[in-house]
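Quick notes on the structure that follows.
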Amino acid sequence: MSIEDAPSVVMIVGFIFLLAATIAYIGAEYQESFPADETGSVQNETLTTVAEGGEAVAGASQCNFEDFTVTNVYNATDNASISSGNYTTTSTGVVAFASGGDTNFNNTNWAVSYTYSYTGIACNVTTNLNTELEDNTSIIGVVLTIALVGIILSILIGIFMMARKRGL
């Protein structure tokens with residue numbers, strides 16, 4: 001390896017890095033275009049100590065989670081129905097105690113029933129691809145560093161070898 005190889009090695013590793021970044025970007029955009037054609041329904045999921053900060057339901061971790069609708073909320077300890085004026089929801093699947101609601105329900109365990117839509121398997125595959133690309137991006141930097149160190153070492157060894165030949 002010599003100084004003449006340096007531009008080629010840097011270009012190859014840089015091209016691989018650029019290719020990985022492009023695939024990640026296209027994958028993320030492609031994933032967002034998937035329709036949420038699967039539906040889920042959960043009955044009596046327990047959320048512990050629900051307060052004004054709220055808690056996310058388990059279904060919110062589904063790929064492209066949307067159309068979150070709460071159907072019933074009960075106090076998990078005494079099975080008392082909690083009316084919609086005592087809680088708020090967000091589109092991201094968070095259920096929270098509503099300020100100004102019945103304080104008997106604040107910081108208690110709730111049993112929440114809800115429905116939602118999500119994308120499904122195709123979205124999960126794209127998520128896995130993007131995760132692999134994110135996890136391995138640092139490896140490209142390590143390879144580039146090793147290549148550059150190799151080039152520098154080969155140049156230094158070449159200089160020492162030529163100096164040694166002149167010294168004999």
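Letters for chains follow the order of the structure tokens (A, B, ...), residue numbers begin at 1 for each chain, and ligand numbers begin at 1 in the order shown.
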Which residues in range 63-148 of chain A does DSSP call alpha helix (DSSP H)? List them as a PyMOL selection string.
chain A and resi 121-148
Residues near Gly40 in chain A, anyone? I mean within 10 Å using only C-alpha atoms, not counting same-chain ones fewer than 3 positions away, as a VMD selection string.
chain A and resid 59 62 65 68 114 to 118
With C-alpha atoms retained, could you export that selection as a CSV table (one decimal), in the first residue's frame?
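Output file selection-v1.csv follows:
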chain,number,residue,atom,x,y,z
A,59,GLY,CA,-49.9,-0.9,21.3
A,62,GLN,CA,-46.5,-0.9,16.8
A,65,PHE,CA,-49.3,3.4,15.2
A,68,PHE,CA,-55.9,5.5,18.7
A,114,TYR,CA,-58.7,0.7,23.1
A,115,THR,CA,-58.5,0.2,19.3
A,116,TYR,CA,-55.8,1.4,16.9
A,117,SER,CA,-54.4,0.9,13.4
A,118,TYR,CA,-50.8,-0.1,12.4
Non-local contacts of Gly120 in chain A (12 Å; only C-alpha atoms; under 6 positions in same chain excluded) as a list of chain:residue names:
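The neighbour list is A:Gln31, A:Phe34, A:Pro35, A:Ala36, A:Asp37, A:Glu38, A:Thr39, A:Gly40, A:Gly59, A:Ser61, A:Gln62, A:Cys63, A:Asn64, A:Phe65, A:Thr126, A:Thr127.
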Only C-alpha atoms, please: the residues just picked out, written as a PDB file, in the first residue's frame.
ATOM      1  CA  GLN A  31     -41.657   3.020   5.619  1.00  0.00           C
ATOM      2  CA  PHE A  34     -47.029   2.207   4.135  1.00  0.00           C
ATOM      3  CA  PRO A  35     -50.745   2.362   4.869  1.00  0.00           C
ATOM      4  CA  ALA A  36     -51.939   1.433   8.356  1.00  0.00           C
ATOM      5  CA  ASP A  37     -54.147  -1.394   7.128  1.00  0.00           C
ATOM      6  CA  GLU A  38     -53.972  -3.661  10.188  1.00  0.00           C
ATOM      7  CA  THR A  39     -56.148  -3.061  13.246  1.00  0.00           C
ATOM      8  CA  GLY A  40     -55.608  -3.957  16.845  1.00  0.00           C
ATOM      9  CA  GLY A  59     -49.930  -0.922  21.318  1.00  0.00           C
ATOM     10  CA  SER A  61     -44.987   0.508  19.955  1.00  0.00           C
ATOM     11  CA  GLN A  62     -46.532  -0.924  16.765  1.00  0.00           C
ATOM     12  CA  CYS A  63     -45.112   0.327  13.478  1.00  0.00           C
ATOM     13  CA  ASN A  64     -46.981   3.402  12.155  1.00  0.00           C
ATOM     14  CA  PHE A  65     -49.348   3.426  15.155  1.00  0.00           C
ATOM     15  CA  THR A 126     -38.080  -1.792   6.926  1.00  0.00           C
ATOM     16  CA  THR A 127     -37.568  -0.914  10.594  1.00  0.00           C
TER      17      THR A 127
END
Å distance separating CA of Asn86 in chain A from CA of Ser41 in chain A, one decimal place
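For CA of Asn86 in chain A relative to CA of Ser41 in chain A, the distance reads 22.0 Å.
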Pick out the residues sitting within 7 Å of Ala20 in chain A, and hand them over as a VMD selection string; count only C-alpha atoms, and ignore anything fewer than 4 positions along from it in its own chain.
chain A and resid 16 24 133
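Residues in contact range of range 95-97 of chain A, defined as at most 7 Å between only C-alpha atoms, with sequence neighbours fewer than 6 positions away removed, read Val50, Ala51, Glu52, Gly53, Gly54, Glu55, Ala56, Asn86, Tyr87, Thr88, Thr89 and Asn106 of chain A.
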Got time to write the residues from that selection, C-alpha atoms, as a PDB file, in the first residue's frame?
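Once written, part-v9.pdb looks like this:
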ATOM      1  CA  VAL A  50     -51.721   7.173  35.769  1.00  0.00           C
ATOM      2  CA  ALA A  51     -51.134  10.865  36.482  1.00  0.00           C
ATOM      3  CA  GLU A  52     -51.207  14.105  34.486  1.00  0.00           C
ATOM      4  CA  GLY A  53     -47.959  13.101  32.743  1.00  0.00           C
ATOM      5  CA  GLY A  54     -49.724  10.086  31.310  1.00  0.00           C
ATOM      6  CA  GLU A  55     -48.653   6.616  30.265  1.00  0.00           C
ATOM      7  CA  ALA A  56     -48.313   5.112  26.807  1.00  0.00           C
ATOM      8  CA  ASN A  86     -61.267  12.516  33.803  1.00  0.00           C
ATOM      9  CA  TYR A  87     -58.656  11.569  31.203  1.00  0.00           C
ATOM     10  CA  THR A  88     -57.053  12.813  28.018  1.00  0.00           C
ATOM     11  CA  THR A  89     -55.425  10.933  25.152  1.00  0.00           C
ATOM     12  CA  ASN A 106     -55.233  10.503  39.895  1.00  0.00           C
TER      13      ASN A 106
END
Enumerate, as a ChimeraX atom specification, the complete set of residues in range 3-154 of chain A that a backbone-based DSSP assignment places in strand (DSSP E).
/A:38-50,55-56,66-75,87-89,94-97,108-118
